[in-house]
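Engineer: Input file: query04.txt. Contents: compact mmCIF, C-alpha atoms and all ligand atoms.
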# COMPACT_ATOMS: atom_id res chain seq x y z
CA MET A 1 -45.98 4.58 14.96
CA SER A 2 -42.93 6.86 14.88
CA LEU A 3 -39.99 6.76 17.29
CA LEU A 4 -37.44 9.49 17.97
CA ILE A 5 -34.02 8.35 19.18
CA THR A 6 -32.34 11.44 20.52
CA ASN A 7 -29.27 12.52 22.50
CA ILE A 8 -27.09 10.29 20.35
CA GLY A 9 -23.52 11.28 21.28
CA GLU A 10 -22.05 9.63 18.18
CA LEU A 11 -24.12 8.30 15.28
CA VAL A 12 -22.52 6.10 12.62
CA THR A 13 -24.61 6.35 9.45
CA ASN A 14 -22.33 4.77 6.77
CA ASP A 15 -23.67 7.55 4.53
CA PRO A 16 -21.25 8.25 2.94
CA GLU A 17 -18.22 6.25 4.18
CA LEU A 18 -18.47 5.86 7.97
CA GLY A 19 -20.52 9.09 8.21
CA VAL A 20 -20.07 9.90 11.90
CA LEU A 21 -22.38 12.60 13.32
CA SER A 22 -22.22 14.10 16.85
CA ASP A 23 -25.25 15.15 18.92
CA ALA A 24 -27.59 13.50 16.46
CA ALA A 25 -31.10 12.10 16.36
CA VAL A 26 -32.94 9.57 14.20
CA VAL A 27 -36.66 9.20 13.59
CA ALA A 28 -38.03 5.80 12.64
CA ASP A 29 -41.49 5.58 11.10
CA GLY A 30 -42.75 2.01 11.16
CA ASP A 31 -39.95 -0.20 9.92
CA ARG A 32 -38.06 2.57 8.09
CA VAL A 33 -35.78 5.46 8.95
CA ALA A 34 -37.68 8.70 8.29
CA TRP A 35 -35.24 11.38 9.37
CA VAL A 36 -31.56 11.76 10.42
CA GLY A 37 -29.97 15.01 11.66
CA PRO A 38 -28.88 17.19 14.57
CA ALA A 39 -30.71 16.42 17.84
CA ALA A 40 -31.61 20.10 18.22
CA ALA A 41 -33.55 20.05 14.93
CA ALA A 42 -35.36 16.73 15.40
CA PRO A 43 -39.08 16.60 14.53
CA ALA A 44 -41.64 15.33 17.02
CA ALA A 45 -42.58 11.64 17.10
CA ASP A 46 -45.08 9.38 18.88
CA GLU A 47 -42.43 7.90 21.16
CA ARG A 48 -38.97 8.85 22.33
CA LEU A 49 -35.86 6.88 23.24
CA ASP A 50 -33.12 8.85 25.01
CA ALA A 51 -29.65 7.51 24.09
CA ARG A 52 -28.12 9.66 26.90
CA GLY A 53 -25.02 10.54 24.92
CA ALA A 54 -24.24 6.97 23.86
CA ALA A 55 -23.11 5.85 20.41
CA VAL A 56 -25.61 4.42 17.90
CA ILE A 57 -24.55 2.28 14.93
CA PRO A 58 -26.41 0.51 12.10
CA GLY A 59 -27.43 -3.05 13.02
CA PHE A 60 -24.78 -5.61 12.14
CA VAL A 61 -25.27 -7.44 8.84
CA ASP A 62 -24.01 -11.00 9.32
CA SER A 63 -23.77 -12.14 5.71
CA HIS A 64 -22.43 -15.66 6.37
CA ALA A 65 -23.87 -18.11 8.89
CA HIS A 66 -24.75 -21.81 9.03
CA LEU A 67 -27.51 -21.92 11.66
CA VAL A 68 -29.57 -24.97 10.66
CA PHE A 69 -27.93 -27.97 12.32
CA ALA A 70 -28.17 -30.32 15.28
CA GLY A 71 -25.53 -31.32 17.80
CA ASP A 72 -22.21 -29.65 18.51
CA ARG A 73 -18.55 -30.49 17.95
CA ALA A 74 -16.95 -29.27 21.17
CA GLY A 75 -14.81 -32.43 21.26
CA GLU A 76 -13.45 -31.68 17.79
CA PHE A 77 -12.61 -28.14 18.97
CA ALA A 78 -10.77 -29.50 22.01
CA ALA A 79 -8.80 -31.89 19.78
CA ARG A 80 -7.82 -28.97 17.54
CA MET A 81 -6.64 -26.96 20.49
CA ASN A 82 -4.51 -30.03 21.25
CA GLY A 83 -2.88 -29.89 17.83
CA GLU A 84 -5.29 -31.60 15.39
CA PRO A 85 -5.71 -29.72 12.09
CA TYR A 86 -9.09 -28.53 10.74
CA THR A 87 -9.99 -30.32 7.50
CA GLY A 88 -13.75 -29.88 7.21
CA GLY A 89 -14.09 -33.64 7.80
CA GLY A 90 -16.31 -33.02 10.84
CA ILE A 91 -19.05 -31.62 8.60
CA ARG A 92 -20.27 -35.20 8.10
CA THR A 93 -20.73 -35.57 11.87
CA THR A 94 -23.11 -32.60 11.86
CA VAL A 95 -24.87 -33.96 8.76
CA ALA A 96 -25.69 -37.19 10.62
CA ALA A 97 -27.05 -35.28 13.65
CA THR A 98 -29.05 -32.91 11.44
CA ARG A 99 -30.68 -35.72 9.47
CA ALA A 100 -31.71 -37.36 12.76
CA ALA A 101 -33.35 -34.17 14.09
CA THR A 102 -37.01 -33.24 13.58
CA ASP A 103 -38.06 -30.04 11.78
CA ASP A 104 -39.17 -28.59 15.11
CA GLU A 105 -35.81 -29.31 16.71
CA LEU A 106 -33.95 -27.69 13.81
CA LEU A 107 -36.19 -24.62 13.93
CA ALA A 108 -35.89 -24.26 17.72
CA SER A 109 -32.11 -24.47 17.60
CA ALA A 110 -31.74 -22.02 14.69
CA GLN A 111 -34.22 -19.65 16.35
CA ARG A 112 -32.17 -19.72 19.55
CA LEU A 113 -29.07 -18.69 17.58
CA VAL A 114 -30.92 -15.89 15.78
CA ARG A 115 -32.11 -14.55 19.15
CA GLU A 116 -28.57 -14.78 20.46
CA MET A 117 -27.46 -12.74 17.43
CA ARG A 118 -30.19 -10.11 17.89
CA ARG A 119 -29.16 -9.57 21.50
CA GLN A 120 -25.67 -8.87 20.18
CA GLY A 121 -26.80 -6.29 17.64
CA THR A 122 -27.22 -8.35 14.47
CA THR A 123 -30.33 -7.29 12.54
CA THR A 124 -29.74 -9.02 9.19
CA VAL A 125 -28.50 -12.59 8.96
CA GLU A 126 -27.86 -14.88 6.02
CA ILE A 127 -28.56 -18.54 6.76
CA LYS A 128 -27.19 -21.46 4.72
CA SER A 129 -28.30 -25.03 4.42
CA GLY A 130 -25.53 -27.58 3.98
CA TYR A 131 -25.92 -30.05 6.83
CA GLY A 132 -28.73 -32.00 5.16
CA LEU A 133 -27.09 -33.04 1.87
CA SER A 134 -30.07 -35.07 0.66
CA VAL A 135 -32.99 -33.62 -1.30
CA GLU A 136 -35.33 -34.00 1.66
CA ASP A 137 -32.91 -32.71 4.29
CA GLU A 138 -31.78 -29.71 2.24
CA VAL A 139 -35.42 -28.75 1.62
CA ARG A 140 -36.14 -29.11 5.35
CA SER A 141 -33.11 -26.98 6.23
CA LEU A 142 -34.06 -24.19 3.84
CA ARG A 143 -37.68 -24.20 4.96
CA VAL A 144 -36.43 -23.62 8.50
CA ALA A 145 -34.03 -20.90 7.34
CA ARG A 146 -36.84 -19.22 5.40
CA GLN A 147 -38.84 -18.80 8.60
CA LEU A 148 -35.99 -16.76 10.07
CA THR A 149 -34.58 -14.66 7.24
CA ALA A 150 -35.07 -13.61 3.61
CA GLU A 151 -31.35 -14.24 2.99
CA THR A 152 -31.38 -18.00 2.53
CA THR A 153 -28.58 -19.88 0.80
CA PHE A 154 -28.55 -23.37 -0.72
CA LEU A 155 -25.26 -25.05 0.22
CA GLY A 156 -25.98 -28.60 -0.94
CA ALA A 157 -22.37 -28.53 -2.15
CA HIS A 158 -20.88 -28.30 1.34
CA VAL A 159 -19.12 -31.69 1.20
CA VAL A 160 -19.86 -34.96 -0.58
CA PRO A 161 -22.02 -36.96 1.85
CA ALA A 162 -20.85 -40.41 2.98
CA GLU A 163 -23.27 -42.31 0.72
CA TYR A 164 -21.70 -40.65 -2.37
CA THR A 165 -18.05 -41.16 -1.38
CA ASP A 166 -17.48 -43.41 -4.39
CA ASP A 167 -19.50 -41.25 -6.77
CA PRO A 168 -18.75 -37.57 -6.19
CA ASP A 169 -19.78 -36.65 -9.74
CA GLY A 170 -23.12 -38.36 -9.13
CA TYR A 171 -23.54 -36.08 -6.11
CA VAL A 172 -22.71 -33.03 -8.23
CA ARG A 173 -25.43 -34.14 -10.67
CA LEU A 174 -27.90 -34.52 -7.79
CA VAL A 175 -27.06 -31.07 -6.36
CA SER A 176 -27.23 -29.27 -9.70
CA GLY A 177 -30.34 -31.18 -10.81
CA PRO A 178 -33.15 -32.53 -8.60
CA MET A 179 -31.87 -31.03 -5.32
CA LEU A 180 -31.54 -27.55 -6.81
CA GLU A 181 -35.01 -27.81 -8.31
CA ALA A 182 -36.53 -28.83 -4.98
CA VAL A 183 -34.89 -26.07 -2.93
CA THR A 184 -35.25 -23.16 -5.37
CA PRO A 185 -38.56 -21.94 -3.89
CA TYR A 186 -36.88 -21.46 -0.50
CA ALA A 187 -33.49 -20.05 -1.50
CA ARG A 188 -32.23 -16.66 -2.69
CA TRP A 189 -28.59 -17.72 -3.04
CA VAL A 190 -26.50 -20.74 -4.05
CA ASP A 191 -23.08 -21.39 -2.50
CA VAL A 192 -20.36 -24.03 -2.99
CA PHE A 193 -17.50 -24.96 -0.67
CA CYS A 194 -14.80 -24.87 -3.34
CA ASP A 195 -11.70 -26.08 -1.50
CA ARG A 196 -9.46 -29.04 -0.75
CA GLY A 197 -11.55 -31.97 0.50
CA ALA A 198 -14.80 -30.45 -0.79
CA PHE A 199 -15.51 -29.47 -4.43
CA ASP A 200 -13.00 -28.61 -7.18
CA GLY A 201 -13.30 -25.74 -9.63
CA ASP A 202 -15.10 -27.73 -12.33
CA GLN A 203 -17.64 -29.18 -9.91
CA ALA A 204 -18.21 -25.75 -8.36
CA ARG A 205 -18.70 -24.20 -11.78
CA THR A 206 -21.30 -26.83 -12.72
CA ILE A 207 -23.31 -26.23 -9.54
CA LEU A 208 -23.06 -22.43 -9.54
CA THR A 209 -23.99 -22.20 -13.21
CA ALA A 210 -27.02 -24.44 -12.68
CA GLY A 211 -28.00 -22.31 -9.66
CA ALA A 212 -27.77 -19.11 -11.69
CA GLN A 213 -29.93 -20.66 -14.42
CA ALA A 214 -32.50 -21.52 -11.76
CA GLY A 215 -32.59 -17.82 -10.78
CA LEU A 216 -30.42 -17.94 -7.66
CA GLN A 217 -27.62 -15.45 -7.02
CA LEU A 218 -24.12 -16.67 -6.26
CA ARG A 219 -21.72 -16.73 -3.32
CA VAL A 220 -18.72 -19.01 -2.88
CA HIS A 221 -16.75 -20.51 0.06
CA ALA A 222 -13.36 -19.82 -1.49
CA ASN A 223 -9.69 -20.22 -0.58
CA GLN A 224 -10.21 -21.09 3.09
CA LEU A 225 -7.86 -24.07 3.27
CA VAL A 226 -5.70 -23.64 0.14
CA ALA A 227 -5.16 -21.10 -2.67
CA GLY A 228 -7.52 -22.89 -5.07
CA PRO A 229 -9.74 -21.71 -7.94
CA GLY A 230 -12.67 -20.48 -5.78
CA VAL A 231 -12.00 -16.75 -5.72
CA GLN A 232 -11.39 -16.42 -9.44
CA LEU A 233 -14.42 -18.56 -10.21
CA ALA A 234 -16.54 -16.33 -7.96
CA VAL A 235 -15.35 -13.23 -9.79
CA GLU A 236 -15.76 -14.79 -13.24
CA LEU A 237 -19.35 -15.84 -12.50
CA GLY A 238 -20.24 -12.48 -10.93
CA ALA A 239 -20.80 -13.83 -7.40
CA ALA A 240 -21.84 -11.27 -4.81
CA SER A 241 -19.24 -12.56 -2.39
CA ALA A 242 -16.17 -14.78 -2.08
CA ASP A 243 -16.02 -15.93 1.52
CA HIS A 244 -12.98 -16.77 3.70
CA CYS A 245 -10.26 -15.53 1.26
CA THR A 246 -7.57 -16.81 3.63
CA HIS A 247 -5.07 -18.08 1.04
CA LEU A 248 -4.86 -15.69 -1.92
CA SER A 249 -2.48 -15.33 -4.87
CA ASP A 250 -1.71 -11.93 -6.37
CA ALA A 251 -4.02 -12.87 -9.26
CA ASP A 252 -6.86 -13.56 -6.78
CA VAL A 253 -6.43 -10.13 -5.19
CA ALA A 254 -6.29 -8.45 -8.61
CA ALA A 255 -9.42 -10.29 -9.74
CA LEU A 256 -11.34 -9.18 -6.63
CA ALA A 257 -10.10 -5.60 -6.98
CA GLY A 258 -11.41 -5.39 -10.54
CA SER A 259 -14.84 -6.79 -9.68
CA ASP A 260 -18.08 -6.23 -7.74
CA THR A 261 -17.40 -9.38 -5.72
CA VAL A 262 -17.02 -8.64 -2.01
CA ALA A 263 -14.30 -10.44 -0.02
CA THR A 264 -16.08 -11.65 3.11
CA LEU A 265 -13.58 -12.36 5.88
CA LEU A 266 -14.53 -14.71 8.71
CA PRO A 267 -11.93 -14.34 11.46
CA GLY A 268 -13.97 -16.48 13.88
CA ALA A 269 -13.01 -19.46 11.69
CA GLU A 270 -9.29 -18.72 11.91
CA PHE A 271 -9.64 -18.17 15.66
CA SER A 272 -11.42 -21.47 16.19
CA THR A 273 -9.26 -23.51 13.81
CA ARG A 274 -6.05 -21.80 15.01
CA SER A 275 -5.15 -20.85 11.46
CA PRO A 276 -3.39 -17.76 10.09
CA TYR A 277 -5.84 -14.88 9.58
CA PRO A 278 -6.59 -13.55 6.09
CA ASP A 279 -4.54 -10.54 5.02
CA ALA A 280 -7.17 -7.83 5.21
CA ARG A 281 -4.67 -5.01 4.62
CA ARG A 282 -3.57 -6.51 1.32
CA LEU A 283 -7.20 -6.61 0.17
CA LEU A 284 -8.14 -3.14 1.42
CA ASP A 285 -4.98 -1.57 0.03
CA ALA A 286 -5.77 -3.12 -3.37
CA GLY A 287 -9.23 -1.51 -3.30
CA VAL A 288 -11.25 -4.70 -2.63
CA THR A 289 -14.58 -4.30 -0.80
CA VAL A 290 -14.30 -6.24 2.46
CA ALA A 291 -17.12 -7.58 4.65
CA LEU A 292 -16.89 -9.25 8.04
CA ALA A 293 -19.22 -12.05 9.14
CA THR A 294 -19.31 -14.71 11.88
CA ASP A 295 -19.51 -17.94 9.81
CA CYS A 296 -21.48 -19.17 12.85
CA ASN A 297 -21.45 -22.98 12.61
CA PRO A 298 -20.80 -25.88 15.00
CA GLY A 299 -17.45 -26.84 13.44
CA SER A 300 -15.12 -24.04 12.44
CA SER A 301 -16.60 -20.97 14.16
CA TYR A 302 -19.24 -21.37 16.84
CA THR A 303 -19.61 -17.68 17.62
CA SER A 304 -22.68 -15.55 16.95
CA SER A 305 -20.91 -12.31 17.94
CA MET A 306 -20.19 -9.76 15.24
CA ALA A 307 -18.47 -7.59 17.89
CA PHE A 308 -16.03 -10.42 18.60
CA CYS A 309 -15.26 -10.77 14.87
CA LEU A 310 -14.82 -7.02 14.60
CA ALA A 311 -12.35 -7.03 17.51
CA LEU A 312 -10.41 -9.90 15.90
CA ALA A 313 -10.31 -8.01 12.60
CA VAL A 314 -8.86 -4.95 14.29
CA ARG A 315 -6.35 -6.71 16.53
CA GLU A 316 -5.31 -9.65 14.35
CA MET A 317 -5.95 -8.41 10.80
CA ARG A 318 -4.85 -4.80 11.15
CA MET A 319 -8.14 -3.32 10.04
CA THR A 320 -8.82 0.08 11.57
CA PRO A 321 -11.85 0.20 13.91
CA ALA A 322 -13.60 2.32 11.26
CA GLU A 323 -12.87 -0.19 8.47
CA ALA A 324 -14.01 -3.07 10.65
CA LEU A 325 -17.30 -1.43 11.66
CA TRP A 326 -18.05 -0.53 8.03
CA ALA A 327 -17.22 -4.11 6.94
CA ALA A 328 -19.53 -5.57 9.63
CA THR A 329 -22.47 -3.37 8.56
CA ALA A 330 -22.31 -1.74 5.09
CA GLY A 331 -19.82 -4.37 3.85
CA GLY A 332 -22.20 -7.19 4.81
CA ALA A 333 -25.01 -5.34 3.04
CA ARG A 334 -22.89 -5.17 -0.14
CA ALA A 335 -22.14 -8.88 0.17
CA LEU A 336 -25.92 -9.47 0.19
CA ARG A 337 -26.51 -6.86 -2.53
CA ARG A 338 -28.80 -4.91 -0.21
CA ASP A 339 -28.99 -1.12 -0.04
CA ASP A 340 -31.68 -0.93 2.64
CA VAL A 341 -29.57 -2.27 5.53
CA GLY A 342 -26.14 -1.44 6.96
CA VAL A 343 -26.86 2.27 6.57
CA VAL A 344 -28.82 4.91 8.51
CA ARG A 345 -30.58 7.21 6.06
CA PRO A 346 -34.20 8.01 5.22
CA GLY A 347 -35.80 5.03 3.52
CA ALA A 348 -33.44 2.44 4.99
CA ARG A 349 -34.71 -0.18 7.42
CA ALA A 350 -34.87 1.07 10.97
CA ASP A 351 -32.18 -1.36 12.18
CA LEU A 352 -30.12 0.40 14.83
CA VAL A 353 -28.00 -0.53 17.80
CA VAL A 354 -27.58 1.66 20.89
CA LEU A 355 -24.22 0.98 22.54
CA ASP A 356 -23.37 1.18 26.21
CA ALA A 357 -20.38 3.30 25.16
CA PRO A 358 -19.68 6.83 23.95
CA SER A 359 -18.06 5.68 20.70
CA TYR A 360 -18.11 2.77 18.25
CA LEU A 361 -14.35 2.51 18.96
CA HIS A 362 -15.28 0.69 22.17
CA LEU A 363 -16.46 -2.34 20.18
CA ALA A 364 -12.82 -3.31 19.52
CA TYR A 365 -11.34 -1.43 22.46
CA ARG A 366 -13.44 -3.37 25.00
CA PRO A 367 -13.47 -6.90 23.52
CA GLY A 368 -15.73 -9.47 25.08
CA VAL A 369 -17.81 -6.85 26.91
CA PRO A 370 -21.58 -6.85 26.24
CA LEU A 371 -21.90 -3.29 24.92
CA ILE A 372 -25.33 -3.54 23.27
CA THR A 373 -28.01 -1.67 25.23
CA THR A 374 -30.86 -1.84 22.70
CA THR A 375 -31.26 -3.39 19.26
CA LEU A 376 -33.94 -1.88 17.05
CA HIS A 377 -35.02 -4.25 14.30
CA ASP A 378 -37.49 -2.93 11.72
CA GLY A 379 -38.16 -0.10 14.14
CA VAL A 380 -39.03 -2.39 17.03
CA PRO A 381 -36.77 -2.33 20.12
CA LEU A 382 -35.79 -5.77 21.44
O1 LIG B 1 -17.44 -21.96 6.45
N1 LIG B 1 -15.78 -24.28 5.23
C1 LIG B 1 -16.83 -24.84 5.12
N2 LIG B 1 -17.90 -24.71 5.90
C2 LIG B 1 -17.88 -24.12 7.18
C3 LIG B 1 -17.46 -25.08 8.22
C4 LIG B 1 -18.45 -26.10 8.44
C5 LIG B 1 -18.13 -27.10 9.51
O2 LIG B 1 -16.94 -27.35 9.86
O3 LIG B 1 -19.13 -27.67 9.97
C6 LIG B 1 -17.05 -22.86 7.17
O4 LIG B 1 -16.04 -22.72 7.88
FE FE B 2 -19.05 -21.01 6.08
Please express what this file holds, its structure, as structure tokens.

Structural biologist:
Amino acid sequence: MSLLITNIGELVTNDPELGVLSDAAVVADGDRVAWVGPAAAAPAADERLDARGAAVIPGFVDSHAHLVFAGDRAGEFAARMNGEPYTGGGIRTTVAATRAATDDELLASAQRLVREMRRQGTTTVEIKSGYGLSVEDEVRSLRVARQLTAETTFLGAHVVPAEYTDDPDGYVRLVSGPMLEAVTPYARWVDVFCDRGAFDGDQARTILTAGAQAGLQLRVHANQLVAGPGVQLAVELGAASADHCTHLSDADVAALAGSDTVATLLPGAEFSTRSPYPDARRLLDAGVTVALATDCNPGSSYTSSMAFCLALAVREMRMTPAEALWAATAGGARALRRDDVGVVRPGARADLVVLDAPSYLHLAYRPGVPLITTTLHDGVPL
């Protein structure tokens, strides 16, 4: 089945750069883009979708989300808004709730969040484990994630669970040994929260190296709370992405600039923890590839909206609307080492979003407004 989307007032292709076309059309054949060009020259197709002059963008690529969990932490959020700092300590609260939930409950709740994301234009999502923290509960979490996305990430090294408080190195051995072995069939990526109160550089190196040996690719929660070793470790080990990048030294920025490691910025976390935003301009001006993602999780960033993160990036992090849209689509694809998403060109996945607006600029210009008319995922309109 082929589908012609025509009368596109403004089409963002990300091919090359932002690649903005006026009066354009796209043909999807099955789950792939088959043709892109001027509306007047569009070939015939089985079905037709009239965009009526609206803007069309590539589906958002949310390259960082923690969707497999139970419970919420609204009380912790309220306490923060009353002056309490964010330390990551609440992760253990979610671990307890997640362990107590059934597989069906975990799947239903993660599925609900994925649907929420789709309605808001996200067509690719990465999903991490990290609220199980036992062999059985991490396997369960990744099995659930696997039902919802191909981009699954093992985050057994989120924090040291309560039962290992007195033996953190024993937990590192568990994560990099039997736990890793058990989850490998369900994971594409391995991630470590390398930060104050979580794992130090040596522990992170042990786990990431073991993950790489098991055939997983690397991503790192780095430099969210303090300027620690995470970013440079990510670069040294060839990680696809260093995520958060809130507290960076000049050496961190230089390391990122000279590497293929994407800096994934998560402004929803700074919003929800009332922390200073990362310095996106410093990264972009140094030539670092920047991605934007939601970090959707019940503790530090309970938003599923890429448009909200994009608006924050523009208003609070001085990214231009063009930089922010690229980072939320093509940037996310780079962070997942994918060339078939985040771009509209023949051969790419037919993941497209029709906006209720004449230009992508409205995503940041009209914050909080539901501007998604139709999301096409693998060629199928939602
Ligand atoms: O990316 N920083 C570590 N992990 C999550 C927060 C998890 C939580 O607070 O539950 C993050 O912000
Ligand atoms: Fe995270």

Engineer: Show me, as CSV, the residues of chain A having an atom within 10 Å of ligand FE 2 (chain B), each with the closest atom pair and its distance in Å, using all atoms listed in the file.

Structural biologist:
residue,atom,partner,partner_atom,distance
A:His64,CA,B:FE2,FE,6.3
A:Ala65,CA,B:FE2,FE,6.3
A:His66,CA,B:FE2,FE,6.5
A:Ile127,CA,B:FE2,FE,9.8
A:Lys128,CA,B:FE2,FE,8.3
A:Gly130,CA,B:FE2,FE,9.5
A:Leu155,CA,B:FE2,FE,9.4
A:His158,CA,B:FE2,FE,8.9
A:Asp191,CA,B:FE2,FE,9.5
A:Val192,CA,B:FE2,FE,9.6
A:Phe193,CA,B:FE2,FE,8.0
A:Val220,CA,B:FE2,FE,9.2
A:His221,CA,B:FE2,FE,6.5
A:Ala222,CA,B:FE2,FE,9.5
A:Gln224,CA,B:FE2,FE,9.3
A:Asp243,CA,B:FE2,FE,7.5
A:His244,CA,B:FE2,FE,7.8
A:Leu266,CA,B:FE2,FE,8.2
A:Ala269,CA,B:FE2,FE,8.4
A:Ala293,CA,B:FE2,FE,9.5
A:Thr294,CA,B:FE2,FE,8.6
A:Asp295,CA,B:FE2,FE,4.9
A:Cys296,CA,B:FE2,FE,7.4
A:Asn297,CA,B:FE2,FE,7.2
A:Gly299,CA,B:FE2,FE,9.5
A:Ser300,CA,B:FE2,FE,8.1
A:Ser301,CA,B:FE2,FE,8.4

Engineer: Set the distance at 12 Å and use only C-alpha atoms: which residues neighbour Ile91 of chain A once local chain neighbours fewer than 5 positions away are removed? I'd like the list as a PDB file with C-alpha atoms, in the coordinates of the input.

Structural biologist:
ATOM      1  CA  HIS A  66     -24.750 -21.810   9.030  1.00  0.00           C
ATOM      2  CA  PHE A  69     -27.930 -27.970  12.320  1.00  0.00           C
ATOM      3  CA  ALA A  70     -28.170 -30.320  15.280  1.00  0.00           C
ATOM      4  CA  GLY A  71     -25.530 -31.320  17.800  1.00  0.00           C
ATOM      5  CA  ASP A  72     -22.210 -29.650  18.510  1.00  0.00           C
ATOM      6  CA  ARG A  73     -18.550 -30.490  17.950  1.00  0.00           C
ATOM      7  CA  GLU A  76     -13.450 -31.680  17.790  1.00  0.00           C
ATOM      8  CA  TYR A  86      -9.090 -28.530  10.740  1.00  0.00           C
ATOM      9  CA  ALA A  96     -25.690 -37.190  10.620  1.00  0.00           C
ATOM     10  CA  ALA A  97     -27.050 -35.280  13.650  1.00  0.00           C
ATOM     11  CA  THR A  98     -29.050 -32.910  11.440  1.00  0.00           C
ATOM     12  CA  GLY A 130     -25.530 -27.580   3.980  1.00  0.00           C
ATOM     13  CA  TYR A 131     -25.920 -30.050   6.830  1.00  0.00           C
ATOM     14  CA  GLY A 132     -28.730 -32.000   5.160  1.00  0.00           C
ATOM     15  CA  LEU A 133     -27.090 -33.040   1.870  1.00  0.00           C
ATOM     16  CA  ALA A 157     -22.370 -28.530  -2.150  1.00  0.00           C
ATOM     17  CA  HIS A 158     -20.880 -28.300   1.340  1.00  0.00           C
ATOM     18  CA  VAL A 159     -19.120 -31.690   1.200  1.00  0.00           C
ATOM     19  CA  VAL A 160     -19.860 -34.960  -0.580  1.00  0.00           C
ATOM     20  CA  PRO A 161     -22.020 -36.960   1.850  1.00  0.00           C
ATOM     21  CA  ALA A 162     -20.850 -40.410   2.980  1.00  0.00           C
ATOM     22  CA  PHE A 193     -17.500 -24.960  -0.670  1.00  0.00           C
ATOM     23  CA  GLY A 197     -11.550 -31.970   0.500  1.00  0.00           C
ATOM     24  CA  ALA A 198     -14.800 -30.450  -0.790  1.00  0.00           C
ATOM     25  CA  ASN A 297     -21.450 -22.980  12.610  1.00  0.00           C
ATOM     26  CA  PRO A 298     -20.800 -25.880  15.000  1.00  0.00           C
ATOM     27  CA  GLY A 299     -17.450 -26.840  13.440  1.00  0.00           C
ATOM     28  CA  SER A 300     -15.120 -24.040  12.440  1.00  0.00           C
TER      29      SER A 300
END

Engineer: Mind pulling up the distance from atom CA of Gly89 of chain A to atom CA of Arg196 of chain A?

Structural biologist: 10.8 Å

Engineer: Set the distance at 10 Å and use all atoms listed in the file: which residues neighbour Asp340 of chain A once local chain neighbours fewer than 2 positions away are removed? I'd like the list as a compact mmCIF listing (two decimals) with C-alpha atoms, in the frame of the given file.

Structural biologist:
# COMPACT_ATOMS: atom_id res chain seq x y z
CA ARG A 32 -38.06 2.57 8.09
CA VAL A 33 -35.78 5.46 8.95
CA ALA A 330 -22.31 -1.74 5.09
CA ALA A 333 -25.01 -5.34 3.04
CA ARG A 337 -26.51 -6.86 -2.53
CA ARG A 338 -28.80 -4.91 -0.21
CA GLY A 342 -26.14 -1.44 6.96
CA VAL A 343 -26.86 2.27 6.57
CA VAL A 344 -28.82 4.91 8.51
CA ARG A 345 -30.58 7.21 6.06
CA PRO A 346 -34.20 8.01 5.22
CA GLY A 347 -35.80 5.03 3.52
CA ALA A 348 -33.44 2.44 4.99
CA ARG A 349 -34.71 -0.18 7.42
CA ALA A 350 -34.87 1.07 10.97
CA ASP A 351 -32.18 -1.36 12.18

Engineer: Which residues, protein or nucleic acid, reach to within 6 Å of (-31.3, -20.1, -0.7) in the file's coordinates when using all atoms listed in the file, and can you give that as number ranges by chain?

Structural biologist: A: 152-154, 186-190

Engineer: Quote the spacing between atom CA of Asp202 of chain A and atom CA of Ala286 of chain A in Å to one decimal place.

Structural biologist: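 Spanning atom CA of Asp202 of chain A to atom CA of Ala286 of chain A is a straight-line distance of 27.8 Å.
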
Engineer: With distances taken over all atoms listed in the file, which of A:Gly90, A:Gly238, A:Pro267, A:Gly211 is nearest to ligand LIG 1 (chain B)?

Structural biologist: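 With all atoms listed in the file as the atom set, the closest residue is A:Gly90.
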
Engineer: Neighbours of Tyr164 of chain A within 12 Å (all atoms listed in the file; same-chain residues fewer than 2 positions away dropped), as a PyMOL selection string?

Structural biologist: chain A and resi 92+133-134+159-162+166-175

Engineer: Could you check the closest approach to ligand LIG 1 (chain B) for each of A:Pro321, A:Gly177, A:Gly156, A:Pro381 and tell me which residue wins, using only C-alpha atoms and all ligand atoms?

Structural biologist: A:Gly156

Engineer: Would you work out the distance separating atom CA of Ala239 of chain A from atom CA of Arg219 of chain A, expressed in Å to one decimal?

Structural biologist: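 So the two atoms, atom CA of Ala239 of chain A and atom CA of Arg219 of chain A, lie 5.1 Å apart.
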
Engineer: Just checking: using only C-alpha atoms and all ligand atoms, which residue out of A:Met317, A:Gly88, A:Ser275, A:Val235 ends up closest to ligand LIG 1 (chain B)?

Structural biologist: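 With only C-alpha atoms and all ligand atoms as the atom set, the closest residue is A:Gly88.
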
Engineer: Rank nothing, just name the residue among A:Ala251, A:Leu218, A:Val231, A:Leu142 nearest to Met179 of chain A, using all atoms listed in the file.

Structural biologist: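 Smallest distance to Met179 of chain A is found for A:Leu142.
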
Engineer: Tell me which protein, DNA and RNA residues are within 8 Å of Arg334 of chain A, counting all atoms listed in the file, leaving out same-chain ones fewer than 5 positions away, and put them as a list in words.

Structural biologist: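 Those residues are Ala240, Val262, Ala291 and Asp339 of chain A.
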
Engineer: Once you add 8 Å to each side, what are the centre and edge lengths of the axis-aligned box holding all listed atoms of segment 312-329 of chain A? One decimal in Å, as lines of an AutoDock Vina configuration file, if you can.

Structural biologist:
center_x = -13.7
center_y = -3.8
center_z = 11.7
size_x = 33.6
size_y = 28.2
size_z = 25.6

Engineer: Find the residues around Asp252 of chain A up to 10 Å (all atoms listed in the file counted), leave out those fewer than 5 positions away in its own chain, and share them as a VMD selection string.

Structural biologist: chain A and resid 223 227 to 233 235 245 247 257 283

Engineer: With 8 Å as the cut-off and all atoms listed in the file counted, what is the closest atom pair between each nearby residue of segment 197-314 of chain A and segment 113-123 of chain A? Distances in Å to one decimal, ordered by chain and number, as a Markdown table.

Structural biologist:
| residue | atom | partner | partner_atom | distance |
| --- | --- | --- | --- | --- |
| A:Ser304 | CA | A:Met117 | CA | 5.6 |
| A:Ser305 | CA | A:Gln120 | CA | 6.3 |
| A:Met306 | CA | A:Thr122 | CA | 7.2 |
| A:Ala307 | CA | A:Gln120 | CA | 7.7 |
